[in-house]
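Heads up: the structure comes next, in structure tokens.
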Amino acid sequence: MLPKYHFFAGIIISAILLLFFPSLRGIEILIIFLSSILLDIDHYFIFAKRSKKLGIKDNYNWGMQRRAEWDKLNANEKRKVKITHFYLHGIEFLVLLIVLSFFSVWVKYILFGAIIHLCFDYIEIIHKKDPLFIKFSQIYVGISNKHKKSMLCSYFFI
Ligand SMILES: [Zn+2]
């Protein structure tokens, strides 16, 4: 999902949390809100590495071009191309956050924001009829990439 939609979704979810859980402090809501947006930071680092540019706008445009290439593929073609690892998107990162949340209550808020983020990503994945595993398990992405030949196109911004 595009960052602007994560931003608006984060605002709406944060407002709902404030409504139903008035005991939450502002800093806790802020952490949930920011982590629901900033989970896509892995996209930036991947784009920066591939495009060799550090500018946010350059990387956004570069990513949007790759996304447009991906969207042109049919379901069969999407199964044949290698999928980009988005390390913060998947069950592995969530398990790491769950483990860390036993040591810090703040990680629980990051975990909650990450879950919100992934829920909205999955809504778009389902809507576009893209493979669910792309943002479910990065280990599975690695396994499925082993027998694929090209990295002509990758999966971006969802
Ligand atoms: Zn995302």
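Ligands are numbered from 1 in the order shown, chains are lettered A, B, ... in the order of the structure tokens, and residues start at 1 in each chain.
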| query | Can you tell me which residues sit at most 9 Å away from ligand 1, counting only C-alpha atoms and all ligand atoms, written as a PyMOL selection string? | reply | chain A and resi 1-3+6+36-43+86+88-89+114+117-118+120-122+135+156-158
Would you put the residues from that selection into a file with N, CA and C atoms, as a short mmCIF file (atom, residue, chain, number, x, y, z; two decimals), in the first residue's frame?
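What landed in selection.cif:
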data_model
loop_
_atom_site.label_atom_id
_atom_site.label_comp_id
_atom_site.auth_asym_id
_atom_site.auth_seq_id
_atom_site.Cartn_x
_atom_site.Cartn_y
_atom_site.Cartn_z
N MET A 1 0.84 -1.18 0.00
CA MET A 1 0.00 0.00 0.00
C MET A 1 0.88 1.24 0.00
N LEU A 2 0.44 2.24 -0.70
CA LEU A 2 1.24 3.46 -0.79
C LEU A 2 1.33 4.15 0.57
N PRO A 3 2.47 4.83 0.81
CA PRO A 3 2.66 5.48 2.11
C PRO A 3 1.56 6.46 2.49
N HIS A 6 -1.17 4.56 4.09
CA HIS A 6 -0.79 4.14 5.44
C HIS A 6 -0.90 5.31 6.41
N SER A 36 3.08 2.23 12.28
CA SER A 36 2.14 1.78 11.23
C SER A 36 2.50 2.39 9.88
N ILE A 37 3.29 3.44 9.88
CA ILE A 37 3.74 4.07 8.63
C ILE A 37 5.17 3.65 8.29
N LEU A 38 6.03 3.69 9.31
CA LEU A 38 7.47 3.54 9.07
C LEU A 38 7.91 2.10 8.81
N LEU A 39 6.99 1.17 8.85
CA LEU A 39 7.37 -0.21 8.51
C LEU A 39 7.88 -0.28 7.07
N ASP A 40 7.44 0.65 6.24
CA ASP A 40 7.87 0.66 4.85
C ASP A 40 9.29 1.22 4.67
N ILE A 41 9.99 1.48 5.75
CA ILE A 41 11.36 1.98 5.65
C ILE A 41 12.25 0.95 4.94
N ASP A 42 11.87 -0.32 5.02
CA ASP A 42 12.66 -1.34 4.30
C ASP A 42 12.61 -1.11 2.79
N HIS A 43 11.48 -0.59 2.30
CA HIS A 43 11.37 -0.28 0.87
C HIS A 43 12.42 0.76 0.50
N PHE A 86 11.24 -7.84 1.59
CA PHE A 86 10.95 -6.69 2.44
C PHE A 86 11.02 -7.21 3.88
N LEU A 88 10.97 -6.20 6.86
CA LEU A 88 10.09 -5.84 7.97
C LEU A 88 8.66 -6.30 7.74
N HIS A 89 8.41 -6.91 6.59
CA HIS A 89 7.06 -7.34 6.25
C HIS A 89 6.98 -8.86 6.32
N ALA A 114 2.90 -2.32 13.65
CA ALA A 114 3.33 -3.19 12.55
C ALA A 114 2.18 -4.07 12.08
N HIS A 117 -0.15 -2.00 10.04
CA HIS A 117 0.45 -1.78 8.72
C HIS A 117 0.25 -3.01 7.83
N LEU A 118 0.57 -4.18 8.35
CA LEU A 118 0.47 -5.40 7.55
C LEU A 118 -0.98 -5.71 7.18
N PHE A 120 -3.29 -3.58 6.46
CA PHE A 120 -3.63 -2.76 5.29
C PHE A 120 -2.88 -3.23 4.05
N ASP A 121 -1.64 -3.68 4.23
CA ASP A 121 -0.92 -4.26 3.09
C ASP A 121 -1.66 -5.49 2.55
N TYR A 122 -2.15 -6.36 3.45
CA TYR A 122 -2.84 -7.57 3.02
C TYR A 122 -4.15 -7.23 2.32
N LYS A 135 4.23 -10.86 1.52
CA LYS A 135 4.40 -10.09 2.76
C LYS A 135 3.99 -10.90 3.99
N PHE A 156 6.57 -3.93 -5.11
CA PHE A 156 6.88 -2.74 -4.36
C PHE A 156 5.65 -2.08 -3.75
N PHE A 157 5.87 -1.44 -2.64
CA PHE A 157 4.91 -0.51 -2.04
C PHE A 157 3.57 -1.09 -1.65
N ILE A 158 3.52 -2.37 -1.33
CA ILE A 158 2.25 -2.80 -0.79
C ILE A 158 2.49 -3.45 0.54
#
| query | Which residue, A:Glu124, A:Leu30, A:Arg25, A:Leu111, has the smallest gap to Ile13 in chain A when you use only C-alpha atoms? | reply |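 Among the listed residues, A:Leu30 lies closest to Ile13 in chain A.
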| Of the residues A:Lys78, A:Ile83, A:Leu34, A:Pro22, which is the one nearest to Phe8 in chain A, using only C-alpha atoms? | A:Leu34
| query | With distances taken over only C-alpha atoms, which of A:Lys52, A:Ile139, A:Arg66, A:Phe102 is nearest to His85 in chain A? | reply | A:Ile139
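The nearest approach to Ile29 in chain A among the residues A:Gly55, A:Gly113, A:Gly63, A:Gly142, with only C-alpha atoms taken into account, belongs to A:Gly113.
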